[in-house]
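Novice: Take a look at entry.cif, mmCIF, C-alpha atoms:
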data_input
#
loop_
_atom_site.group_PDB
_atom_site.id
_atom_site.type_symbol
_atom_site.label_atom_id
_atom_site.label_comp_id
_atom_site.auth_asym_id
_atom_site.auth_seq_id
_atom_site.Cartn_x
_atom_site.Cartn_y
_atom_site.Cartn_z
ATOM 1 C CA MET A 60 -138.223 182.908 43.346
ATOM 2 C CA TRP A 61 -135.632 185.164 41.645
ATOM 3 C CA SER A 62 -135.726 187.720 44.424
ATOM 4 C CA SER A 63 -134.908 185.087 47.025
ATOM 5 C CA VAL A 64 -131.969 183.832 44.939
ATOM 6 C CA ILE A 65 -130.569 187.355 44.544
ATOM 7 C CA LEU A 66 -131.078 188.060 48.228
ATOM 8 C CA LEU A 67 -129.267 184.870 49.196
ATOM 9 C CA THR A 68 -126.365 185.695 46.877
ATOM 10 C CA VAL A 69 -125.965 189.225 48.267
ATOM 11 C CA SER A 70 -126.270 187.928 51.818
ATOM 12 C CA ALA A 71 -123.549 185.337 51.190
ATOM 13 C CA LEU A 72 -121.235 188.002 49.785
ATOM 14 C CA LEU A 73 -121.774 190.295 52.756
ATOM 15 C CA THR A 74 -121.195 187.598 55.373
ATOM 16 C CA SER A 75 -118.042 186.246 53.698
ATOM 17 C CA ALA A 76 -116.313 189.668 53.618
ATOM 18 C CA GLN A 77 -113.708 190.195 56.346
ATOM 19 C CA ASN A 78 -112.376 193.472 57.655
ATOM 20 C CA ASP A 79 -108.548 193.503 57.512
ATOM 21 C CA PHE A 80 -108.476 195.324 60.852
ATOM 22 C CA ASP A 81 -110.230 192.459 62.687
ATOM 23 C CA ALA A 82 -106.816 190.776 62.906
ATOM 24 C CA ILE A 83 -105.437 193.463 65.246
ATOM 25 C CA GLN A 84 -108.291 193.510 67.753
ATOM 26 C CA GLY A 85 -106.923 193.016 71.242
ATOM 27 C CA CYS A 86 -103.317 193.874 70.266
ATOM 28 C CA LYS A 87 -101.157 196.440 72.016
ATOM 29 C CA GLN A 88 -100.065 199.308 69.750
ATOM 30 C CA TYR A 89 -96.795 201.203 69.381
ATOM 31 C CA THR A 90 -96.803 204.040 66.834
ATOM 32 C CA ILE A 91 -93.577 205.585 65.550
ATOM 33 C CA SER A 92 -94.284 208.912 63.854
ATOM 34 C CA ARG A 93 -90.703 210.109 63.343
ATOM 35 C CA PRO A 94 -87.466 208.384 62.342
ATOM 36 C CA SER A 95 -86.329 206.319 65.322
ATOM 37 C CA TYR A 96 -83.559 204.011 64.168
ATOM 38 C CA ASN A 97 -80.926 206.077 65.979
ATOM 39 C CA SER A 98 -83.196 207.047 68.881
ATOM 40 C CA PRO A 99 -84.014 205.324 72.160
ATOM 41 C CA ASN A 100 -86.870 202.881 71.685
ATOM 42 C CA PRO A 101 -88.698 200.822 74.291
ATOM 43 C CA TYR A 102 -87.998 197.110 74.615
ATOM 44 C CA TYR A 103 -90.685 194.660 75.701
ATOM 45 C CA ALA A 104 -89.916 191.496 77.683
ATOM 46 C CA LEU A 105 -91.249 188.483 75.797
ATOM 47 C CA ASP A 106 -92.047 186.615 79.011
ATOM 48 C CA GLN A 107 -94.431 189.461 79.948
ATOM 49 C CA PHE A 108 -96.574 189.043 76.828
ATOM 50 C CA GLN A 109 -100.076 187.852 77.639
ATOM 51 C CA ASP A 110 -100.456 186.070 74.318
ATOM 52 C CA LEU A 111 -97.057 184.412 73.935
ATOM 53 C CA GLN A 112 -97.703 180.901 72.631
ATOM 54 C CA GLN A 113 -95.271 178.255 73.908
ATOM 55 C CA VAL A 114 -95.200 174.652 72.747
ATOM 56 C CA GLU A 115 -92.702 171.831 72.754
ATOM 57 C CA VAL A 116 -92.737 169.457 69.793
ATOM 58 C CA ALA A 117 -90.234 166.639 69.219
ATOM 59 C CA GLY A 118 -87.714 168.290 71.516
ATOM 60 C CA LEU A 119 -88.128 171.716 69.910
ATOM 61 C CA LYS A 120 -89.109 174.592 72.203
ATOM 62 C CA ILE A 121 -91.166 177.040 70.119
ATOM 63 C CA ARG A 122 -92.292 180.483 71.284
ATOM 64 C CA SER A 123 -94.597 182.417 68.948
ATOM 65 C CA ILE A 124 -96.163 185.868 68.937
ATOM 66 C CA LYS A 125 -98.531 187.502 66.500
ATOM 67 C CA ILE A 126 -97.509 190.940 65.222
ATOM 68 C CA ALA A 127 -98.994 193.345 62.667
ATOM 69 C CA VAL A 128 -97.525 196.412 60.976
ATOM 70 C CA ILE A 129 -99.222 199.300 59.186
ATOM 71 C CA GLY A 130 -96.890 201.560 57.222
ATOM 72 C CA SER A 131 -95.457 202.177 53.783
ATOM 73 C CA ASN A 132 -92.063 200.663 54.701
ATOM 74 C CA ASP A 133 -89.623 200.080 57.573
ATOM 75 C CA VAL A 134 -89.785 197.766 60.613
ATOM 76 C CA LEU A 135 -90.079 195.120 57.872
ATOM 77 C CA SER A 136 -89.635 195.720 54.184
ATOM 78 C CA GLY A 137 -87.279 198.703 54.183
ATOM 79 C CA TRP A 138 -85.634 200.380 51.207
ATOM 80 C CA GLY A 139 -88.957 201.639 49.877
ATOM 81 C CA ASN A 140 -90.845 198.435 50.793
ATOM 82 C CA THR A 141 -88.481 196.227 48.765
ATOM 83 C CA ARG A 142 -86.104 194.382 51.177
ATOM 84 C CA ASN A 143 -86.065 192.606 54.523
ATOM 85 C CA ALA A 144 -82.792 192.809 56.428
ATOM 86 C CA VAL A 145 -81.864 191.496 59.852
ATOM 87 C CA ARG A 146 -78.707 192.624 61.615
ATOM 88 C CA GLN A 147 -77.084 191.691 64.894
ATOM 89 C CA TYR A 148 -74.962 194.323 66.617
ATOM 90 C CA VAL A 149 -74.082 195.745 70.007
ATOM 91 C CA ARG A 150 -75.484 199.180 70.869
ATOM 92 C CA SER A 151 -73.613 201.313 73.358
ATOM 93 C CA SER A 152 -76.126 204.157 72.946
ATOM 94 C CA PRO A 153 -79.164 204.729 70.696
ATOM 95 C CA SER A 154 -77.020 206.118 67.870
ATOM 96 C CA ARG A 155 -73.815 204.079 68.391
ATOM 97 C CA TYR A 156 -73.452 200.443 67.500
ATOM 98 C CA THR A 157 -70.586 198.128 66.654
ATOM 99 C CA ARG A 158 -69.927 194.676 65.258
ATOM 100 C CA ALA A 159 -72.802 194.686 62.781
ATOM 101 C CA VAL A 160 -73.433 191.236 61.295
ATOM 102 C CA ILE A 161 -76.039 190.727 58.579
ATOM 103 C CA LEU A 162 -78.148 187.659 59.423
ATOM 104 C CA ALA A 163 -80.644 187.966 56.557
ATOM 105 C CA ASN A 164 -81.027 190.234 53.530
ATOM 106 C CA GLN A 165 -83.618 189.407 50.897
ATOM 107 C CA LEU A 166 -86.308 190.872 48.668
ATOM 108 C CA SER A 167 -89.578 191.481 50.491
ATOM 109 C CA GLY A 168 -92.069 191.782 47.659
ATOM 110 C CA GLY A 169 -93.645 194.984 48.978
ATOM 111 C CA ILE A 170 -95.428 193.313 51.901
ATOM 112 C CA LEU A 171 -96.314 196.469 53.853
ATOM 113 C CA SER A 172 -99.194 198.851 53.288
ATOM 114 C CA PRO A 173 -100.105 202.156 54.946
ATOM 115 C CA TYR A 174 -103.790 201.220 54.530
ATOM 116 C CA LYS A 175 -104.118 197.772 56.094
ATOM 117 C CA PRO A 176 -102.199 195.668 58.586
ATOM 118 C CA PHE A 177 -99.630 193.116 57.476
ATOM 119 C CA VAL A 178 -100.110 190.334 60.024
ATOM 120 C CA PHE A 179 -97.463 187.710 60.730
ATOM 121 C CA THR A 180 -96.276 185.278 63.364
ATOM 122 C CA LEU A 181 -92.768 185.530 64.772
ATOM 123 C CA SER A 182 -91.602 182.122 66.005
ATOM 124 C CA ILE A 183 -88.418 181.478 67.962
ATOM 125 C CA VAL A 184 -87.264 177.849 67.896
ATOM 126 C CA ASN A 185 -84.839 176.667 70.588
ATOM 127 C CA ASP A 186 -83.875 180.315 71.271
ATOM 128 C CA HIS A 187 -81.844 180.646 68.049
ATOM 129 C CA LEU A 188 -83.888 180.027 64.884
ATOM 130 C CA VAL A 189 -86.263 182.904 64.119
ATOM 131 C CA ALA A 190 -88.996 182.498 61.503
ATOM 132 C CA LEU A 191 -91.597 185.033 60.339
ATOM 133 C CA SER A 192 -94.677 183.621 58.608
ATOM 134 C CA LYS A 193 -97.473 185.611 57.020
ATOM 135 C CA ASN A 194 -100.806 185.143 58.760
ATOM 136 C CA GLY A 195 -102.464 181.975 57.472
ATOM 137 C CA GLU A 196 -99.305 180.578 55.857
ATOM 138 C CA SER A 197 -97.056 177.890 57.299
ATOM 139 C CA LEU A 198 -93.848 178.570 55.350
ATOM 140 C CA PRO A 199 -91.817 181.551 56.582
ATOM 141 C CA PHE A 200 -91.179 184.557 54.356
ATOM 142 C CA LEU A 201 -88.097 185.382 56.462
ATOM 143 C CA GLN A 202 -85.925 183.055 58.498
ATOM 144 C CA TYR A 203 -82.524 183.349 60.146
ATOM 145 C CA THR A 204 -80.402 181.808 62.877
ATOM 146 C CA ASP A 205 -78.691 183.810 65.603
ATOM 147 C CA VAL A 206 -76.688 181.660 68.010
ATOM 148 C CA GLY A 207 -75.079 184.698 69.623
ATOM 149 C CA VAL A 208 -78.210 185.983 71.358
ATOM 150 C CA THR A 209 -81.039 184.415 73.340
ATOM 151 C CA PRO A 210 -84.097 186.554 72.518
ATOM 152 C CA LYS A 211 -85.698 187.854 75.697
ATOM 153 C CA TYR A 212 -86.910 191.249 74.483
ATOM 154 C CA ILE A 213 -88.429 192.737 71.368
ATOM 155 C CA GLY A 214 -88.307 196.347 70.216
ATOM 156 C CA PHE A 215 -89.463 198.228 67.147
ATOM 157 C CA SER A 216 -87.887 201.081 65.209
ATOM 158 C CA ASN A 217 -88.200 202.644 61.796
ATOM 159 C CA TRP A 218 -85.892 204.416 59.402
ATOM 160 C CA ASN A 219 -87.902 207.202 57.770
ATOM 161 C CA ALA A 220 -91.608 206.325 57.420
ATOM 162 C CA PRO A 221 -94.278 206.489 60.118
ATOM 163 C CA VAL A 222 -95.445 203.024 61.198
ATOM 164 C CA SER A 223 -97.781 201.462 63.721
ATOM 165 C CA VAL A 224 -96.821 198.125 65.204
ATOM 166 C CA PHE A 225 -99.411 195.907 66.864
ATOM 167 C CA TYR A 226 -97.919 193.330 69.196
ATOM 168 C CA ASP A 227 -98.891 190.881 71.937
ATOM 169 C CA CYS A 228 -101.913 190.063 69.808
ATOM 170 C CA PRO A 229 -104.322 187.340 70.843
ATOM 171 C CA PRO A 230 -104.096 184.205 68.702
ATOM 172 C CA PRO A 231 -106.773 183.795 66.033
ATOM 173 C CA ALA A 232 -110.040 182.406 67.320
ATOM 174 C CA PRO A 233 -110.601 178.774 66.391
ATOM 175 C CA THR A 234 -112.635 178.462 63.248
ATOM 176 C CA THR A 235 -115.945 176.704 63.494
ATOM 177 C CA THR A 236 -117.456 174.733 60.703
ATOM 178 C CA THR A 237 -121.167 174.850 60.096
ATOM 179 C CA THR A 238 -123.093 172.366 58.073
ATOM 180 C CA ALA A 239 -126.102 173.479 56.112
ATOM 181 C CA VAL A 240 -129.276 171.600 56.930
ATOM 182 C CA PRO A 241 -131.573 171.186 53.939
ATOM 183 C CA ASP A 242 -134.959 172.876 54.189
ATOM 184 C CA THR A 243 -137.526 170.092 53.972
ATOM 185 C CA THR A 244 -140.580 172.328 54.427
ATOM 186 C CA THR A 245 -140.909 173.156 50.725
ATOM 187 C CA SER A 246 -140.332 171.171 47.620
ATOM 188 C CA VAL A 247 -139.408 172.260 44.155
ATOM 189 C CA ALA A 248 -140.255 170.199 41.127
ATOM 190 C CA PRO A 249 -137.168 169.270 39.118
ATOM 191 C CA ARG A 250 -136.780 170.687 35.612
ATOM 192 C CA VAL A 251 -137.016 168.144 32.877
ATOM 193 C CA ALA A 252 -135.625 168.791 29.409
ATOM 194 C CA ILE A 253 -137.521 167.119 26.595
#
Hey, can you dump this file as C-alpha coordinates for me?

Specialist:
Amino acid sequence: MWSSVILLTVSALLTSAQNDFDAIQGCKQYTISRPSYNSPNPYYALDQFQDLQQVEVAGLKIRSIKIAVIGSNDVLSGWGNTRNAVRQYVRSSPSRYTRAVILANQLSGGILSPYKPFVFTLSIVNDHLVALSKNGESLPFLQYTDVGVTPKYIGFSNWNAPVSVFYDCPPPAPTTTTTAVPDTTTSVAPRVAI
(Lines of atoms letter the chains of each structure in order from A and count residues from 1; the text may use other names and numbers.)
(Lines give C-alpha, C1' and ligand atoms only; values in the text may rest on other atoms or scores of the structure.)
Protein backbone atom coordinates (compact mmCIF):
# COMPACT_ATOMS: atom_id res chain seq x y z
CA MET A 1 0.00 0.00 0.00
CA TRP A 2 2.82 2.47 0.79
CA SER A 3 4.49 1.96 -2.56
CA SER A 4 1.31 2.85 -4.41
CA VAL A 5 0.90 6.02 -2.33
CA ILE A 6 4.49 7.11 -3.03
CA LEU A 7 4.10 6.29 -6.71
CA LEU A 8 0.91 8.33 -6.93
CA THR A 9 2.55 11.29 -5.19
CA VAL A 10 5.58 11.26 -7.51
CA SER A 11 3.33 10.85 -10.54
CA ALA A 12 1.22 13.84 -9.48
CA LEU A 13 4.33 15.98 -9.06
CA LEU A 14 5.67 15.03 -12.48
CA THR A 15 2.40 15.69 -14.31
CA SER A 16 1.80 19.06 -12.61
CA ALA A 17 5.22 20.46 -13.62
CA GLN A 18 5.16 22.82 -16.61
CA ASN A 19 8.03 23.75 -18.87
CA ASP A 20 8.38 27.56 -19.08
CA PHE A 21 9.21 27.24 -22.78
CA ASP A 22 5.83 25.65 -23.61
CA ALA A 23 4.40 29.18 -23.66
CA ILE A 24 6.43 30.15 -26.75
CA GLN A 25 5.57 27.14 -28.92
CA GLY A 26 4.23 28.32 -32.25
CA CYS A 27 5.58 31.89 -31.87
CA LYS A 28 7.71 33.68 -34.43
CA GLN A 29 11.17 34.64 -33.13
CA TYR A 30 13.32 37.73 -33.58
CA THR A 31 16.75 37.62 -31.90
CA ILE A 32 18.82 40.77 -31.38
CA SER A 33 22.42 39.86 -30.59
CA ARG A 34 23.97 43.34 -30.74
CA PRO A 35 22.83 46.78 -29.60
CA SER A 36 20.11 47.91 -32.00
CA TYR A 37 18.42 50.96 -30.51
CA ASN A 38 20.09 53.26 -33.04
CA SER A 39 20.05 50.72 -35.88
CA PRO A 40 17.43 49.86 -38.49
CA ASN A 41 15.01 47.28 -37.12
CA PRO A 42 12.19 45.49 -38.90
CA TYR A 43 8.59 46.52 -38.27
CA TYR A 44 5.75 44.01 -38.41
CA ALA A 45 2.22 44.94 -39.52
CA LEU A 46 -0.24 44.02 -36.78
CA ASP A 47 -2.98 43.20 -39.28
CA GLN A 48 -0.68 40.50 -40.74
CA PHE A 49 -0.37 38.61 -37.45
CA GLN A 50 -1.99 35.19 -37.59
CA ASP A 51 -2.81 35.20 -33.89
CA LEU A 52 -4.04 38.76 -33.38
CA GLN A 53 -7.09 38.53 -31.12
CA GLN A 54 -9.81 41.11 -31.84
CA VAL A 55 -12.93 41.60 -29.76
CA GLU A 56 -15.45 44.35 -29.23
CA VAL A 57 -16.91 44.73 -25.74
CA ALA A 58 -19.27 47.52 -24.65
CA GLY A 59 -18.14 49.72 -27.53
CA LEU A 60 -14.44 49.09 -26.88
CA LYS A 61 -12.40 47.69 -29.77
CA ILE A 62 -9.62 45.55 -28.25
CA ARG A 63 -6.73 44.03 -30.20
CA SER A 64 -4.39 41.71 -28.28
CA ILE A 65 -1.20 39.83 -29.06
CA LYS A 66 0.87 37.49 -26.96
CA ILE A 67 4.59 38.26 -26.75
CA ALA A 68 7.50 36.73 -24.82
CA VAL A 69 11.01 38.01 -24.16
CA ILE A 70 14.15 36.17 -23.07
CA GLY A 71 17.03 38.40 -22.01
CA SER A 72 18.68 39.99 -19.01
CA ASN A 73 17.22 43.44 -19.78
CA ASP A 74 16.04 45.73 -22.59
CA VAL A 75 12.97 45.59 -24.86
CA LEU A 76 11.17 45.73 -21.49
CA SER A 77 12.80 46.35 -18.16
CA GLY A 78 15.83 48.41 -19.18
CA TRP A 79 18.38 50.08 -16.92
CA GLY A 80 19.72 46.75 -15.69
CA ASN A 81 16.25 45.12 -15.54
CA THR A 82 14.87 47.81 -13.21
CA ARG A 83 12.61 50.18 -15.23
CA ASN A 84 9.98 50.17 -17.96
CA ALA A 85 9.89 53.28 -20.13
CA VAL A 86 7.75 54.10 -23.14
CA ARG A 87 8.57 57.02 -25.42
CA GLN A 88 6.89 58.50 -28.45
CA TYR A 89 9.08 60.25 -31.00
CA VAL A 90 9.57 60.77 -34.71
CA ARG A 91 12.52 59.00 -36.35
CA SER A 92 14.01 60.49 -39.47
CA SER A 93 16.67 57.76 -39.63
CA PRO A 94 17.62 54.83 -37.36
CA SER A 95 19.89 57.01 -35.21
CA ARG A 96 18.02 60.36 -35.44
CA TYR A 97 14.81 61.12 -33.64
CA THR A 98 13.04 64.24 -32.45
CA ARG A 99 10.17 65.31 -30.24
CA ALA A 100 10.65 62.61 -27.61
CA VAL A 101 7.71 62.41 -25.20
CA ILE A 102 7.79 60.04 -22.23
CA LEU A 103 4.46 58.18 -22.02
CA ALA A 104 5.37 55.86 -19.13
CA ASN A 105 8.35 55.46 -16.81
CA GLN A 106 8.10 53.14 -13.83
CA LEU A 107 9.93 50.47 -11.86
CA SER A 108 9.77 47.05 -13.48
CA GLY A 109 10.66 44.73 -10.63
CA GLY A 110 13.25 42.78 -12.62
CA ILE A 111 10.71 40.97 -14.81
CA LEU A 112 13.13 39.67 -17.45
CA SER A 113 15.36 36.62 -17.30
CA PRO A 114 18.00 35.30 -19.71
CA TYR A 115 16.95 31.75 -18.73
CA LYS A 116 13.19 31.65 -19.26
CA PRO A 117 10.62 33.59 -21.25
CA PHE A 118 8.67 36.46 -19.73
CA VAL A 119 5.26 36.07 -21.37
CA PHE A 120 2.75 38.90 -21.57
CA THR A 121 -0.23 40.14 -23.55
CA LEU A 122 -0.12 43.51 -25.28
CA SER A 123 -3.64 44.91 -25.64
CA ILE A 124 -4.57 48.01 -27.62
CA VAL A 125 -7.95 49.50 -26.68
CA ASN A 126 -9.65 51.84 -29.16
CA ASP A 127 -6.27 52.41 -30.88
CA HIS A 128 -4.92 54.61 -28.06
CA LEU A 129 -4.78 52.84 -24.68
CA VAL A 130 -1.99 50.26 -24.52
CA ALA A 131 -1.85 47.76 -21.66
CA LEU A 132 0.71 45.01 -21.00
CA SER A 133 -0.38 42.20 -18.68
CA LYS A 134 1.76 39.34 -17.45
CA ASN A 135 0.59 35.95 -18.70
CA GLY A 136 -2.21 34.69 -16.46
CA GLU A 137 -2.87 38.06 -14.81
CA SER A 138 -5.68 40.46 -15.67
CA LEU A 139 -4.26 43.71 -14.27
CA PRO A 140 -1.60 45.36 -16.43
CA PHE A 141 1.95 45.86 -15.17
CA LEU A 142 2.38 48.71 -17.68
CA GLN A 143 -0.26 50.95 -19.20
CA TYR A 144 -0.19 54.19 -21.16
CA THR A 145 -2.27 56.27 -23.55
CA ASP A 146 -0.98 57.60 -26.85
CA VAL A 147 -3.56 59.64 -28.76
CA GLY A 148 -0.98 60.84 -31.27
CA VAL A 149 -0.46 57.50 -33.00
CA THR A 150 -2.71 54.71 -34.23
CA PRO A 151 -0.66 51.52 -33.75
CA LYS A 152 -0.41 49.60 -37.00
CA TYR A 153 3.09 48.16 -36.65
CA ILE A 154 5.27 46.71 -33.93
CA GLY A 155 9.06 46.57 -33.82
CA PHE A 156 11.63 45.44 -31.28
CA SER A 157 15.01 46.87 -30.33
CA ASN A 158 17.43 46.63 -27.46
CA TRP A 159 19.96 48.91 -25.85
CA ASN A 160 22.93 46.76 -24.86
CA ALA A 161 21.92 43.18 -23.96
CA PRO A 162 21.14 40.34 -26.35
CA VAL A 163 17.43 39.44 -26.35
CA SER A 164 15.07 37.10 -28.14
CA VAL A 165 11.53 38.27 -28.74
CA PHE A 166 8.76 35.80 -29.50
CA TYR A 167 5.75 37.37 -31.17
CA ASP A 168 2.57 36.46 -33.05
CA CYS A 169 2.16 33.67 -30.52
CA PRO A 170 -0.91 31.47 -30.56
CA PRO A 171 -3.30 32.13 -27.68
CA PRO A 172 -3.15 29.68 -24.77
CA ALA A 173 -5.08 26.48 -25.34
CA PRO A 174 -8.34 26.33 -23.42
CA THR A 175 -7.91 24.54 -20.14
CA THR A 176 -9.91 21.40 -19.61
CA THR A 177 -11.13 20.27 -16.27
CA THR A 178 -11.12 16.61 -15.39
CA THR A 179 -13.08 15.06 -12.61
CA ALA A 180 -11.69 12.10 -10.76
CA VAL A 181 -13.95 9.07 -10.76
CA PRO A 182 -13.68 7.02 -7.57
CA ASP A 183 -12.38 3.48 -7.97
CA THR A 184 -15.17 1.21 -6.78
CA THR A 185 -13.38 -2.07 -7.55
CA THR A 186 -11.58 -2.23 -4.20
CA SER A 187 -12.58 -1.27 -0.74
CA VAL A 188 -10.51 -0.23 2.21
CA ALA A 189 -11.71 -0.68 5.75
CA PRO A 190 -11.82 2.61 7.65
CA ARG A 191 -9.46 3.09 10.59
CA VAL A 192 -11.16 3.27 13.92
CA ALA A 193 -9.47 4.82 16.95
CA ILE A 194 -10.43 3.28 20.27

Novice: So what do you get for atom CA of A:Asn185 versus atom CA of A:Thr141, distance-wise?

Specialist: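 Pair atom CA of A:Asn185 / atom CA of A:Thr141 returns 29.5 Å.
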
Novice: With the PyMOL selection byres ((chain A and resi 152) around 12) as the selection, what would be picked from this file? Answer as a PDB file with C-alpha atoms, in the frame of the given file, please.

Specialist:
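Printed below is selection-v9.pdb as written:
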ATOM      1  CA  TYR A  96     -83.559 204.011  64.168  1.00  0.00           C
ATOM      2  CA  ASN A  97     -80.926 206.077  65.979  1.00  0.00           C
ATOM      3  CA  SER A  98     -83.196 207.047  68.881  1.00  0.00           C
ATOM      4  CA  PRO A  99     -84.014 205.324  72.160  1.00  0.00           C
ATOM      5  CA  ASN A 100     -86.870 202.881  71.685  1.00  0.00           C
ATOM      6  CA  TYR A 148     -74.962 194.323  66.617  1.00  0.00           C
ATOM      7  CA  VAL A 149     -74.082 195.745  70.007  1.00  0.00           C
ATOM      8  CA  ARG A 150     -75.484 199.180  70.869  1.00  0.00           C
ATOM      9  CA  SER A 151     -73.613 201.313  73.358  1.00  0.00           C
ATOM     10  CA  PRO A 153     -79.164 204.729  70.696  1.00  0.00           C
ATOM     11  CA  SER A 154     -77.020 206.118  67.870  1.00  0.00           C
ATOM     12  CA  ARG A 155     -73.815 204.079  68.391  1.00  0.00           C
ATOM     13  CA  TYR A 156     -73.452 200.443  67.500  1.00  0.00           C
ATOM     14  CA  THR A 157     -70.586 198.128  66.654  1.00  0.00           C
TER      15      THR A 157
END

Novice: So that I can check the surroundings of A:Gly207, please list as a PyMOL selection string every protein, DNA and RNA residue that reaches within 10 Å of it, counting only C-alpha atoms and ignoring chain neighbours fewer than 4 positions away.

Specialist: chain A and resi 147+186-187

Novice: Find the distance between atom CA of A:Ser192 and atom CA of A:Phe179 and write it in Å to one decimal.

Specialist: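 According to the coordinates, atom CA of A:Ser192 and atom CA of A:Phe179 are separated by 5.4 Å.
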
Novice: So that I can see what lies close to stretch 218-230 of chain A, please list as a PyMOL selection string the residues with an atom at most 10 Å from it, counting all atoms listed in the file and leaving out residues fewer than 5 positions away in the same chain.

Specialist: chain A and resi 82-97+103+105+107-112+123-134+137-139+171-173+176-178+180+213

Novice: Which residue gives the smallest distance to A:Ile161 among A:Gln77, A:Leu191, A:Tyr203, A:Leu198, with all atoms listed in the file counted?

Specialist: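 Nearest candidate to A:Ile161 out of A:Gln77, A:Leu191, A:Tyr203, A:Leu198: A:Tyr203.
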
Novice: Rounded to one decimal in Å, what is the spacing between atom CA of A:Leu166 and atom CA of A:Ile183?

Specialist: 21.6 Å

Novice: A:Gly214, A:Asn140, A:Leu181, A:Thr209: which is nearest A:Asn194, counting only C-alpha atoms?

Specialist: A:Leu181

Novice: May I ask which of the residues A:Thr204, A:Val184, A:Val189, A:Pro199 is the closest one to A:Ala117, counting all atoms listed in the file?

Specialist: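 That would be A:Val184, the residue with the smallest distance to A:Ala117.
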
Novice: Please write the residues picked by the PyMOL selection byres ((chain A and resi 145) around 10) on this file as a PyMOL selection string.

Specialist: chain A and resi 135+143-144+146-147+160-165+201-203
